[in-house]
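See below for the structure under consideration.
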Amino acid sequence: MDDRDRNKNGIPEKHVELRQHITEKDSEVSCSDSETAGKLENLEFFKNIIAAVREPILVLNSDLKCVFANRSFVQAFNIDHSTIHGKSIFSIGNRFLNIPELKELLNELLSIHQDFNEYEVNLDLIHIGNRAMSLNATDAAQQSGRERLILLSFEDITIRYEAEKQLLESERKYRTLFDSSGDAIMMLAPPDWSFTACNPATIELFRCNSESDFTSSRPWDLSPEYQPDGQISSIKAKMMIESAVKTGSNLFEWTHRKTHGEIFQASVLLSRIELHGHTMLQATVRDITGRKEIEEELRDHRFHLEELVRNRTAELSESEEKYRTLVEHSHDGIYIYAGGGFLFVNNRMCDITGYTKVELSGMNFLELAHPEDRERIREYELLRESGAKVPSVFQVRIMKKDGIERYIEFSAKGITYHGKYAVLGVGRDITALKLFDEEQSKMDKLESLGVLAGGIAHDFNNFLAAIIGNISLARLMVEPGSNIYEILTSSEHAASQASALTRQLLTFSKGGEPVKDLVSITTLLQESCNFILSGSNVTAEFNFPEDLRLINADPGQITQAINNIILNANQAMPEGGRILISAENIKISDNSTIPLKKDSYIRIQIKDEGIGIPEEQLTIIFDPFFSTKQLGTGLGLSTAYSIIHKHHGHILVESGINSGSTFIIYLPSVTEKMEKKQMEIDFLTAGEGKILIMDDKEIIRDTMEAILIRLGYEVECAVNGREAIEKYSNSMKNGNSFNAVILDLTIPNGMGGEETVKELLSIDPDIRAIVSSGYSTNPVMSNYETYGFRGVILKPYSISQIAYLLQEVIDR
């Protein structure tokens, strides 16, 4: 019943009207000859009036027995009318009105004619349960000598009672949040922006005696005179306040002073809020003195999340809605799950899964999970239902609505939601992190293989150097076109192929560091295709822009990587087809999903029309020794992978069954232009000068000595660095210096090329030294000039290669 339906004394207007009708009728009856007839007529008139009233009404006599109940009463309390008449009010129904306090109020009404209203009580009703009621009683016939009738009405206030109860609980809860917050929170009001309120954390932080003690200060009163940047605190504080009022919020660091003088550093968030039509500021202050870096990041994250709530909080009674704003702006997916379905999801959860909130509502978690992960999730659910301990943080794969697989890390905690058990969960997309871990795993495998490969390649290249050198030397001693010449040519070709195999092994090791030069990727791609596809039924189509930049790379290694990929594409199309090859200049930004640093790159795409790669093999296609071919070594693509990464690039593959495969390569590009070199030279023209060879392998020394003598040089040999230094020093003293020295980089149990050249430079700063090696973990081979060498040559090498290098170094 609305307050407008009551008179100034609080008595319901309907009761006043009824009393007036009854009094008037009672006066008429008192003028008749029969008092009894008057009473009956009075009662009947009374019944007719209250029968039409929609409010449940019970009429009692002076003995507090039920005289009449209107239809609304009978329907509201589901009581048979025949069981009410003549019965005590305290015995009707299930005696739900047998309330001592009600007895006292009714007796008081009878004795002193004192009406009562808004007597609130909880009634336990048989058919409709517990209901909150407001009872109002009026003495309906107060003239002396007439039968007393009491009008008792009932108003169901259950809904209002529950709403008031919830409002009080909400206010208590959010006041508790305000009071129990670990951050100091305070309110500032214009025009002078003085403090108007604060929470207990504020009083503790500033060492105040009470809230009133704190609010008696202005913001700059709790600061030193100057801030660390030299600005006056009072002036800067007003600037910070003006900025917050203008922009809506202002987060900054501030130097505060507690009431007893202690100075501390704090982070301050000023948030503009509208409260009862007035603009105010909410300040959140946090002590950040001595905080460790990792703790600072974690607390800042939580702090910024709380900012989203505080920036949108008008008053604490509206906190529930503001927390929803916080959840919707979270960078993590947040959900509530119970009864086999999602009850709530935030916007980020929709972004992660690709489904809308309506689609996710009621959806079972298993519908999101990757088919291969569903059994593990079922096991978790069974363990949780049995009360066993389950991981609170776990990683699973989900399938987005568009079919894309994503790795998600979930953290879950049991909560009570609407009075029932539920799970509050947070989901974070860690797909990029998982991909990084997979990349790192591949690199670890390649490094492990490199330890083995490097040792094999080192010794193998030394033997190949002697073999190829001697075969080349022998070819010079026979007539071109003879049978022996052809046999030697074939042998040299076979040895060169073995050399390519060692280079392939070396790319797995740290010793296979690229010896870089400016390279045109266009040239390498075209030459590789012409070589690999020669004689096959597969054709290549190229698409290169005219302004395609160069790369700084080892041409041999990059060619090897491209050869392996093109060979793989050729073998995927036994019936013939096309290989589409393109390249373009691109820039990688900080927010790119490609795991490369921000820079300029060339993106190369090599697409075939073959049978494709099964999805389950895409993650292991670059693993060492993995091959789908019966006679394959499993080193081709893993070699390409290692080469690309040694050049600070990245390689990935996109494929599907019967839809072909596309290998995508990213390599750092440069803006430099390639200088044309005069390559026209007769490599076997007789040389002139004196050469010193240092190598620990006798077969290498003997072969090199024979080759260089054949080329026309004078040659001396040394086994190690000490002997080489001694011979070089003696030659200078004798006035017969060496024109060049060739130093092996690695000498077991002795002084190698790096140490030797340092001492030789101290003897002769103009020494022309060449470093040679079949394998090294040392960066000397790729940065030889930094260590004082004039040239570099990799074992094994041909006569023409060493002849050209010596002539270039000596003439430089």
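Convention: chains lettered A, B, ... in structure tokens order; per-chain residue numbering from 1; ligands numbered from 1 as shown.
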Original post:
Do you know which residues are at most 9 Å from stretch 327-335 of chain A counting only C-alpha atoms, after dropping those on the same chain fewer than 4 positions away, and could you put them as a PyMOL selection string?
Top reply: chain A and resi 305+308-309+322-323+342-352+423-429
Each stretch 534-593 of chain A residue no farther than 9 Å from stretch 640-664 of chain A, nearest pair in Å, only C-alpha atoms, as JSON lines:
{"residue": "A:Asn552", "atom": "CA", "partner": "A:His647", "partner_atom": "CA", "distance": 8.5}
{"residue": "A:Ala553", "atom": "CA", "partner": "A:His647", "partner_atom": "CA", "distance": 6.8}
{"residue": "A:Asp554", "atom": "CA", "partner": "A:His647", "partner_atom": "CA", "distance": 8.4}
{"residue": "A:Gln557", "atom": "CA", "partner": "A:Ile643", "partner_atom": "CA", "distance": 6.4}
{"residue": "A:Ile558", "atom": "CA", "partner": "A:Ile643", "partner_atom": "CA", "distance": 6.9}
{"residue": "A:Gln560", "atom": "CA", "partner": "A:Ala640", "partner_atom": "CA", "distance": 7.3}
{"residue": "A:Ala561", "atom": "CA", "partner": "A:Ala640", "partner_atom": "CA", "distance": 4.1}
{"residue": "A:Ile562", "atom": "CA", "partner": "A:Ala640", "partner_atom": "CA", "distance": 7.3}
{"residue": "A:Asn563", "atom": "CA", "partner": "A:Ala640", "partner_atom": "CA", "distance": 8.8}
{"residue": "A:Asn564", "atom": "CA", "partner": "A:Ala640", "partner_atom": "CA", "distance": 6.8}
{"residue": "A:Ile565", "atom": "CA", "partner": "A:Ala640", "partner_atom": "CA", "distance": 7.4}
{"residue": "A:Ala569", "atom": "CA", "partner": "A:Ser661", "partner_atom": "CA", "distance": 7.9}
{"residue": "A:Ala572", "atom": "CA", "partner": "A:Gly660", "partner_atom": "CA", "distance": 8.5}
**OP:** For stretch 196-198 of chain A, list every protein, DNA or RNA residue within 10 Å, evaluated using only C-alpha atoms, and leave out those in the same chain fewer than 5 positions away; present the list as number ranges by chain.
**Re:** A: 178-179, 184-190, 203, 210-212, 214-218, 280, 282-284
Need the shell around A:Asp695: protein/DNA/RNA residues with any atom at most 6 Å away, counting only C-alpha atoms. Skip same-chain ones fewer than 2 positions apart. Format as an mmCIF file with all heavy atoms, in the first residue's frame?
data_model
loop_
_atom_site.group_PDB
_atom_site.id
_atom_site.type_symbol
_atom_site.label_atom_id
_atom_site.label_comp_id
_atom_site.auth_asym_id
_atom_site.auth_seq_id
_atom_site.Cartn_x
_atom_site.Cartn_y
_atom_site.Cartn_z
ATOM 1 N N LYS A 697 97.744 -31.532 -39.956
ATOM 2 C CA LYS A 697 97.601 -32.770 -40.711
ATOM 3 C C LYS A 697 98.686 -32.841 -41.794
ATOM 4 O O LYS A 697 98.774 -31.976 -42.669
ATOM 5 C CB LYS A 697 96.217 -32.842 -41.366
ATOM 6 C CG LYS A 697 95.045 -32.796 -40.382
ATOM 7 C CD LYS A 697 95.037 -34.023 -39.469
ATOM 8 C CE LYS A 697 93.809 -33.998 -38.568
ATOM 9 N NZ LYS A 697 93.802 -35.139 -37.626
ATOM 10 N N VAL A 719 103.909 -27.219 -38.514
ATOM 11 C CA VAL A 719 102.929 -28.122 -37.892
ATOM 12 C C VAL A 719 102.003 -27.367 -36.951
ATOM 13 O O VAL A 719 100.833 -27.713 -36.818
ATOM 14 C CB VAL A 719 103.652 -29.261 -37.151
ATOM 15 C CG1 VAL A 719 102.654 -30.174 -36.436
ATOM 16 C CG2 VAL A 719 104.496 -30.068 -38.125
ATOM 17 N N ASP A 744 95.743 -22.889 -40.451
ATOM 18 C CA ASP A 744 94.605 -23.712 -40.028
ATOM 19 C C ASP A 744 94.069 -23.149 -38.703
ATOM 20 O O ASP A 744 94.853 -22.856 -37.789
ATOM 21 C CB ASP A 744 95.057 -25.161 -39.844
ATOM 22 C CG ASP A 744 93.881 -26.089 -39.605
ATOM 23 O OD1 ASP A 744 92.735 -25.669 -39.848
ATOM 24 O OD2 ASP A 744 94.102 -27.231 -39.163
#
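Near A:Glu808, within 10 Å and counting only C-alpha atoms, sit Arg790, Gly791, Ile802, Ala803, Tyr804 and Arg812 of chain A, not including residues fewer than 4 positions from it in the same chain.
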**OP:** Please run DSSP on the backbone and report, as an MDAnalysis selection string, all residues within stretch 262-470 of chain A that come out as helix (DSSP H, G or I).
**Re:** chainID A and resid 293:310 316:328 347:353 357:360 365:368 371:385 431:470
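The neighbours of A:Leu708 here are the residues that come within 10 Å of it, using only C-alpha atoms and leaving out any residue fewer than 3 positions away in the same chain; they are Leu473, Ala686, Gly687, Glu688, Lys690, Ile691, Ile693, Thr703, Met704, Glu705, Leu711, Gly712, Tyr713, Glu714, Val715, Ile799, Ile802, Ala803 and Leu806 of chain A.
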Original post:
Which of these, A:Lys673, A:His113, A:His493, A:His370, has the shortest distance to A:Val519 once you count only C-alpha atoms?
Top reply: A:Lys673
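Distance annotation: of A:Thr289, A:Gln526, A:Gln227, A:Asn136, the residue with the minimal separation from A:Leu105 is A:Asn136; atom set is only C-alpha atoms.
Taking atom CA of A:Leu102 as the reference point, atom CA of A:Thr158 is found at 18.8 Å.
Distance annotation: of A:Gly689, A:Gly86, A:Pro100, A:Pro668, the residue with the minimal separation from A:Arg549 is A:Pro668; atom set is only C-alpha atoms.
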**OP:** Can you work out the spacing between atom CA of A:Ser249 and atom CA of A:Leu269 in Å, to one decimal?
**Re:** 7.1 Å
